[in-house]
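As stored in query_27.cif (mmCIF, C-alpha atoms and all ligand atoms):
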```cif
data_input
#
loop_
_atom_site.label_atom_id
_atom_site.label_comp_id
_atom_site.auth_asym_id
_atom_site.auth_seq_id
_atom_site.Cartn_x
_atom_site.Cartn_y
_atom_site.Cartn_z
CA MET A 309 -55.03 -78.74 -22.04
CA TYR A 310 -56.46 -80.42 -18.96
CA SER A 311 -53.47 -80.04 -16.68
CA ALA A 312 -54.72 -76.60 -15.57
CA LEU A 313 -58.10 -78.11 -14.79
CA ILE A 314 -56.55 -80.93 -12.74
CA LYS A 315 -54.39 -78.53 -10.76
CA ALA A 316 -57.30 -76.19 -10.28
CA TRP A 317 -59.45 -78.97 -8.85
CA HIS A 318 -56.98 -79.23 -6.02
CA LEU A 319 -56.86 -75.44 -5.61
CA LEU A 320 -60.60 -75.51 -5.03
CA GLN A 321 -60.02 -76.20 -1.39
CA ASN A 322 -58.59 -72.67 -1.28
CA LYS A 323 -61.63 -71.41 -3.19
CA LYS A 324 -59.50 -70.06 -6.02
CA MET A 325 -61.26 -69.54 -9.33
CA PHE A 326 -60.33 -71.48 -12.40
CA SER A 327 -61.58 -72.42 -15.78
CA VAL A 328 -60.40 -74.28 -18.84
CA ARG A 329 -61.52 -73.98 -22.44
CA THR A 330 -61.97 -77.02 -24.66
CA SER A 331 -62.75 -75.86 -28.19
CA ASN A 332 -65.33 -73.11 -27.66
CA ILE A 333 -66.66 -74.56 -24.42
CA LYS A 334 -65.56 -73.19 -21.06
CA ILE A 335 -65.55 -75.65 -18.18
CA SER A 336 -65.28 -74.28 -14.66
CA VAL A 337 -66.46 -74.53 -11.09
CA PRO A 338 -69.74 -72.65 -10.57
CA GLY A 339 -69.88 -69.35 -8.75
CA GLU A 340 -72.83 -68.54 -6.50
CA LYS A 341 -75.12 -67.35 -9.32
CA GLU A 342 -74.25 -70.28 -11.57
CA PHE A 343 -74.79 -72.69 -8.70
CA GLU A 344 -78.37 -71.43 -8.39
CA LEU A 345 -78.84 -72.39 -12.05
CA VAL A 346 -77.34 -75.81 -11.42
CA LYS A 347 -79.75 -76.37 -8.54
CA GLN A 348 -82.73 -75.47 -10.75
CA TYR A 349 -81.67 -77.90 -13.48
CA VAL A 350 -80.91 -80.66 -10.97
CA ALA A 351 -84.48 -80.29 -9.69
CA ASP A 352 -85.93 -80.17 -13.25
CA PHE A 353 -84.02 -83.27 -14.35
CA GLU A 354 -84.76 -85.05 -11.04
CA LEU A 355 -81.11 -85.87 -10.35
CA ASP A 356 -79.30 -86.58 -7.07
CA ASP A 357 -79.61 -83.33 -5.10
CA ARG A 358 -78.23 -84.50 -1.79
CA GLU A 359 -75.71 -82.28 0.01
CA MET A 360 -74.79 -80.27 -3.08
CA GLN A 361 -71.85 -77.86 -2.86
CA PRO A 362 -70.45 -75.70 -5.67
CA ILE A 363 -66.95 -77.14 -5.34
CA GLN A 364 -68.26 -80.60 -6.24
CA PHE A 365 -69.36 -79.40 -9.69
CA LEU A 366 -67.91 -78.62 -13.07
CA ILE A 367 -70.14 -76.61 -15.36
CA ALA A 368 -69.97 -75.89 -19.09
CA PHE A 369 -70.65 -72.56 -20.81
CA ARG A 370 -70.43 -71.44 -24.43
CA CYS A 371 -70.57 -67.75 -25.29
CA GLY A 372 -72.20 -67.00 -21.95
CA LYS A 373 -74.83 -69.73 -22.36
CA PHE A 374 -75.13 -72.32 -19.61
CA LEU A 375 -74.88 -75.81 -21.14
CA GLY A 376 -74.65 -78.38 -18.37
CA PHE A 377 -72.92 -79.78 -15.33
CA GLY A 378 -71.37 -82.82 -13.67
CA ARG A 379 -70.41 -83.56 -10.09
CA ILE A 380 -68.02 -85.60 -7.98
CA ARG A 381 -68.99 -86.58 -4.45
CA LYS A 382 -65.81 -87.44 -2.64
CA HIS A 383 -65.83 -90.40 -0.28
CA ARG A 384 -63.04 -91.89 1.77
CA GLY A 385 -61.33 -94.10 -0.82
CA CYS A 386 -63.52 -93.45 -3.85
CA ASP A 387 -65.05 -90.73 -6.01
CA GLU A 388 -68.71 -90.89 -6.98
CA PHE A 389 -69.47 -89.30 -10.34
CA CYS A 390 -73.07 -88.13 -10.28
CA THR A 391 -75.55 -85.42 -11.13
CA LEU A 392 -74.65 -85.13 -14.80
CA GLY A 393 -77.08 -83.02 -16.79
CA ILE A 394 -77.14 -81.16 -20.08
CA VAL A 395 -79.65 -78.43 -20.88
CA THR A 396 -82.31 -80.09 -23.03
CA THR A 397 -81.77 -77.93 -26.12
CA GLU A 398 -78.01 -78.62 -26.04
CA ARG A 399 -78.12 -82.43 -25.90
CA LYS A 400 -76.56 -84.76 -28.49
CA ALA A 401 -73.97 -82.12 -29.34
CA GLY A 402 -71.03 -83.53 -27.41
CA ILE A 403 -71.36 -81.33 -24.29
CA GLY A 404 -71.94 -84.30 -21.99
CA LYS A 405 -68.89 -85.96 -23.48
CA GLN A 406 -66.72 -82.95 -22.63
CA ILE A 407 -67.98 -82.79 -19.07
CA VAL A 408 -67.45 -86.53 -18.55
CA ARG A 409 -63.89 -86.21 -19.83
CA ALA A 410 -63.23 -83.24 -17.55
CA ILE A 411 -64.65 -85.12 -14.55
CA ILE A 412 -62.40 -88.08 -15.35
CA LYS A 413 -59.41 -85.78 -15.46
CA VAL A 414 -60.05 -84.18 -12.09
CA SER A 415 -60.94 -87.38 -10.24
CA ASN A 416 -58.05 -88.59 -8.12
CA GLN A 417 -59.49 -91.75 -6.56
CA PRO A 418 -61.11 -94.89 -7.98
CA MET A 419 -64.29 -93.53 -9.51
CA TYR A 420 -67.75 -95.09 -9.64
CA LEU A 421 -71.19 -94.04 -10.79
CA ALA A 422 -74.73 -95.39 -10.66
CA CYS A 423 -76.88 -95.00 -13.76
CA VAL A 424 -79.53 -96.50 -16.01
CA ILE A 425 -77.61 -95.69 -19.22
CA PRO A 426 -74.43 -97.80 -19.06
CA LYS A 427 -74.11 -97.64 -22.86
CA TYR A 428 -73.54 -93.91 -22.57
CA PHE A 429 -70.65 -94.30 -20.12
CA GLU A 430 -68.92 -97.36 -21.61
CA PRO A 431 -67.03 -95.47 -24.36
CA PHE A 432 -65.34 -93.34 -21.67
CA GLY A 433 -63.89 -96.39 -19.91
CA PHE A 434 -66.60 -97.15 -17.36
CA LYS A 435 -67.55 -100.79 -16.87
CA THR A 436 -70.52 -102.28 -15.02
CA VAL A 437 -69.30 -103.97 -11.85
CA GLN A 438 -70.89 -106.26 -9.27
CA SER A 439 -68.39 -105.48 -6.52
CA PHE A 440 -68.10 -101.91 -5.27
CA PRO A 441 -67.57 -99.84 -2.10
CA ALA A 442 -70.30 -99.56 0.54
CA GLU A 443 -70.81 -95.91 -0.45
CA MET A 444 -71.96 -97.07 -3.89
CA GLN A 445 -74.33 -99.64 -2.42
CA TYR A 446 -75.81 -96.77 -0.42
CA LYS A 447 -76.05 -94.74 -3.63
CA LEU A 448 -77.73 -97.62 -5.46
CA ASN A 449 -80.27 -97.95 -2.67
CA TYR A 450 -80.90 -94.20 -2.82
CA CYS A 451 -81.42 -94.27 -6.62
CA ASN A 452 -83.81 -97.19 -6.45
CA ALA A 453 -85.81 -95.64 -3.63
CA ALA A 454 -85.75 -91.92 -4.47
CA LEU A 455 -85.10 -91.73 -8.22
CA PRO A 456 -87.11 -94.56 -9.82
CA VAL A 457 -87.09 -94.23 -13.62
CA GLY A 458 -88.55 -97.57 -14.70
CA ALA A 459 -85.15 -98.95 -15.66
CA THR A 460 -82.49 -100.91 -13.79
CA TYR A 461 -79.72 -98.99 -12.08
CA VAL A 462 -76.21 -100.40 -12.39
CA VAL A 463 -72.93 -99.40 -10.75
CA MET A 464 -70.01 -98.71 -13.05
CA GLN A 465 -66.33 -98.25 -12.30
CA TYR A 466 -63.94 -96.13 -14.30
CA GLU A 467 -61.37 -98.65 -15.46
CA GLY A 468 -58.88 -96.14 -16.78
CA PHE A 469 -57.92 -95.09 -13.25
CA ALA A 470 -54.81 -97.21 -12.81
CA LYS A 471 -53.39 -96.12 -16.16
CA ARG A 472 -54.22 -92.45 -15.63
CA ALA A 473 -52.85 -92.35 -12.09
CA THR A 474 -49.35 -92.89 -13.41
CA SER A 475 -49.59 -90.05 -15.89
CA LEU A 476 -51.12 -87.29 -13.78
CA GLU A 477 -49.06 -84.14 -13.78
CA VAL A 478 -50.03 -83.13 -10.25
C1 LIG B 501 -77.32 -88.28 -20.68
C2 LIG B 501 -76.85 -86.87 -21.07
C3 LIG B 501 -75.97 -86.32 -19.95
C4 LIG B 501 -76.06 -86.95 -22.38
O1 LIG B 501 -75.52 -85.68 -22.66
P1 LIG B 501 -75.28 -85.21 -24.18
O2 LIG B 501 -74.56 -83.92 -24.17
O3 LIG B 501 -76.57 -85.26 -24.92
O4 LIG B 501 -74.34 -86.39 -24.69
P2 LIG B 501 -73.24 -86.29 -25.86
O5 LIG B 501 -73.78 -85.43 -26.97
O6 LIG B 501 -71.94 -85.92 -25.28
O7 LIG B 501 -73.24 -87.80 -26.33
C5 LIG B 501 -72.06 -88.56 -26.43
C6 LIG B 501 -72.41 -89.87 -27.09
O8 LIG B 501 -73.37 -90.59 -26.29
C7 LIG B 501 -74.55 -90.86 -27.06
N1 LIG B 501 -75.70 -90.69 -26.15
C8 LIG B 501 -76.30 -89.56 -25.80
N2 LIG B 501 -77.29 -89.80 -24.91
C9 LIG B 501 -77.29 -91.15 -24.70
C10 LIG B 501 -78.08 -92.02 -23.89
N3 LIG B 501 -79.08 -91.57 -23.11
N4 LIG B 501 -77.77 -93.34 -23.90
C11 LIG B 501 -76.77 -93.83 -24.67
N5 LIG B 501 -75.99 -93.05 -25.46
C12 LIG B 501 -76.25 -91.72 -25.48
C13 LIG B 501 -74.54 -89.82 -28.16
O9 LIG B 501 -75.26 -90.25 -29.29
C14 LIG B 501 -73.06 -89.69 -28.45
O10 LIG B 501 -72.61 -90.74 -29.25
P3 LIG B 501 -71.45 -90.49 -30.36
O11 LIG B 501 -70.21 -90.03 -29.61
O12 LIG B 501 -71.29 -91.83 -31.00
O13 LIG B 501 -71.98 -89.43 -31.26
C15 LIG B 501 -78.07 -85.94 -21.32
O14 LIG B 501 -78.96 -86.56 -22.23
C16 LIG B 501 -78.86 -85.57 -20.08
O15 LIG B 501 -78.57 -84.56 -19.43
N6 LIG B 501 -79.88 -86.38 -19.71
C17 LIG B 501 -80.73 -86.08 -18.55
C18 LIG B 501 -80.00 -86.30 -17.25
C19 LIG B 501 -79.39 -87.68 -17.17
O16 LIG B 501 -79.98 -88.67 -17.58
N7 LIG B 501 -78.18 -87.72 -16.61
C20 LIG B 501 -77.44 -88.93 -16.45
C21 LIG B 501 -77.74 -89.46 -15.11
S1 LIG B 501 -76.77 -90.92 -14.82
#
```
Could you write out this structure as structure tokens?
Amino acid sequence: MYSALIKAWHLLQNKKMFSVRTSNIKISVPGEKEFELVKQYVADFELDDREMQPIQFLIAFRCGKFLGFGRIRKHRGCDEFCTLGIVTTERKAGIGKQIVRAIIKVSNQPMYLACVIPKYFEPFGFKTVQSFPAEMQYKLNYCNAALPVGATYVVMQYEGFAKRATSLEV
């Protein structure tokens, strides 16, 4: 089911359109209009809004309704999973889970994230780590300085990478 999504992620450089359906949810890269929506929600949810580009995002729709989004910032040697948000009325319904899984599928480098909700990410294979690339230290500093939420930010690494890398179809 996800192989089309993985291949499509690489086609993004050519700006080709793609989408994949998981159950009744459509996950795709945002077009211009959808990207405007993403930007509004990112501002509302006070998420990382630095240097956003449509091709970094995957968004979820159901029956024409915008549900949420997730983003990968690509660095030299690692992927940073960030800017994950679900429309408030659609939370706790498994949408975030589907976006996280899709992001994991399209990532093709060791992947890290910074968050205050490690318990949310642990079931997907992310583990809190003390050692991480300089890009993630920069991210941590940014979160602490620009996105204070009264909780402690941690850096997590996706530990399934080594296993998945051997089974990718692309
Ligand atoms: C965090 C967020 C993305 C979760 O999305 P969601 O669609 O509600 O999550 P899901 O329904 O897929 O939840 C999957 C599981 O995580 C649990 N969960 C949901 N929110 C959680 C949280 N904040 N902390 C820990 N676990 C959480 C759910 O109960 C569910 O558990 P289950 O599989 O045992 O039923 C969403 O609440 C959100 O957009 N929050 C605001 C923005 C934000 O905080 N983004 C993350 C920045 S790092």
Legend entry - Test item: residues at most 12 Å from Lys373 in chain A, all atoms listed in the file, excluding those fewer than 2 positions along its chain, as a list in words: Asn332, Ile333, Lys334, Ile335, Glu342, Leu345, Ile367, Ala368, Phe369, Arg370, Cys371, Leu375, Gly376, Ile394, Val395, Thr397 and Glu398 of chain A
Just need the box for range 427-442 of chain A, edges along x, y and z, holding every atom the file lists for it with 4 Å tacked onto each side, so centre and edge lengths in Å to one decimal, as lines of an AutoDock Vina configuration file.
```
center_x = -69.0
center_y = -99.8
center_z = -11.9
size_x = 18.2
size_y = 20.9
size_z = 32.9
```
Legend entry - Contacts of range 411-424 of chain A at 7 Å (all atoms listed in the file; same-chain gap of 4+ positions) as a list in words: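 The residues satisfying every condition are Leu313, Ile314, Trp317, Gly385, Cys386, Asp387, Glu388, Phe389, Cys390, Ile407, Leu448, Ala459, Thr460, Tyr461, Val462, Val463, Met464, Gln465, Tyr466 and Phe469 of chain A.
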Protein and nucleic acid residues within 7 Å of ligand LIG 501 (chain B) (all atoms listed in the file) as a PDB file with C-alpha atoms, keeping the file's coordinate frame:
```pdb
ATOM      1  CA  PHE A 353     -84.020 -83.270 -14.350  1.00  0.00           C
ATOM      2  CA  LEU A 355     -81.110 -85.870 -10.350  1.00  0.00           C
ATOM      3  CA  CYS A 390     -73.070 -88.130 -10.280  1.00  0.00           C
ATOM      4  CA  THR A 391     -75.550 -85.420 -11.130  1.00  0.00           C
ATOM      5  CA  LEU A 392     -74.650 -85.130 -14.800  1.00  0.00           C
ATOM      6  CA  GLY A 393     -77.080 -83.020 -16.790  1.00  0.00           C
ATOM      7  CA  ILE A 394     -77.140 -81.160 -20.080  1.00  0.00           C
ATOM      8  CA  VAL A 395     -79.650 -78.430 -20.880  1.00  0.00           C
ATOM      9  CA  THR A 396     -82.310 -80.090 -23.030  1.00  0.00           C
ATOM     10  CA  GLU A 398     -78.010 -78.620 -26.040  1.00  0.00           C
ATOM     11  CA  ARG A 399     -78.120 -82.430 -25.900  1.00  0.00           C
ATOM     12  CA  LYS A 400     -76.560 -84.760 -28.490  1.00  0.00           C
ATOM     13  CA  ALA A 401     -73.970 -82.120 -29.340  1.00  0.00           C
ATOM     14  CA  GLY A 402     -71.030 -83.530 -27.410  1.00  0.00           C
ATOM     15  CA  ILE A 403     -71.360 -81.330 -24.290  1.00  0.00           C
ATOM     16  CA  GLY A 404     -71.940 -84.300 -21.990  1.00  0.00           C
ATOM     17  CA  LYS A 405     -68.890 -85.960 -23.480  1.00  0.00           C
ATOM     18  CA  GLN A 406     -66.720 -82.950 -22.630  1.00  0.00           C
ATOM     19  CA  ALA A 422     -74.730 -95.390 -10.660  1.00  0.00           C
ATOM     20  CA  CYS A 423     -76.880 -95.000 -13.760  1.00  0.00           C
ATOM     21  CA  VAL A 424     -79.530 -96.500 -16.010  1.00  0.00           C
ATOM     22  CA  ILE A 425     -77.610 -95.690 -19.220  1.00  0.00           C
ATOM     23  CA  LYS A 427     -74.110 -97.640 -22.860  1.00  0.00           C
ATOM     24  CA  TYR A 428     -73.540 -93.910 -22.570  1.00  0.00           C
TER      25      TYR A 428
END
```
Inset, instruction - Could you jot down the CA of Leu455 in chain A to CA of Glu467 in chain A separation for me, Å, one decimal place? - result: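 That distance, rounded to one decimal, is 25.8 Å.
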Legend entry - Between CA of Ile380 in chain A and CA of Ile363 in chain A, distance in Å (one decimal):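 Answer for the CA of Ile380 in chain A to CA of Ile363 in chain A separation: 8.9 Å.
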Inset, instruction - Show which residues sit within 6 Å of Phe365 in chain A, as a ChimeraX atom specification. Count only C-alpha atoms, and ignore same-chain residues fewer than 4 positions away. - result: /A:337,378-379
Legend entry - Atomic separation - CA of Arg384 in chain A relative to CA of Asp357 in chain A, Å: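 About the pair CA of Asp357 in chain A and CA of Arg384 in chain A: they are 19.9 Å apart.
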Inset, instruction - Considering only C-alpha atoms, state which residue in the set A:Thr436, A:Tyr450, A:Glu443, A:Tyr349 is at the smallest distance from Lys382 in chain A. - result: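 Using only C-alpha atoms, Lys382 in chain A sits closest to A:Glu443.
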Inset, instruction - For each of A:Phe429, A:Gln445, A:Val346, A:Gln438, take the minimum atom-to-atom distance to Arg409 in chain A, counting all atoms listed in the file, then give the residue where this is smallest. - result: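 Using all atoms listed in the file, the shortest distance to Arg409 in chain A belongs to A:Phe429.
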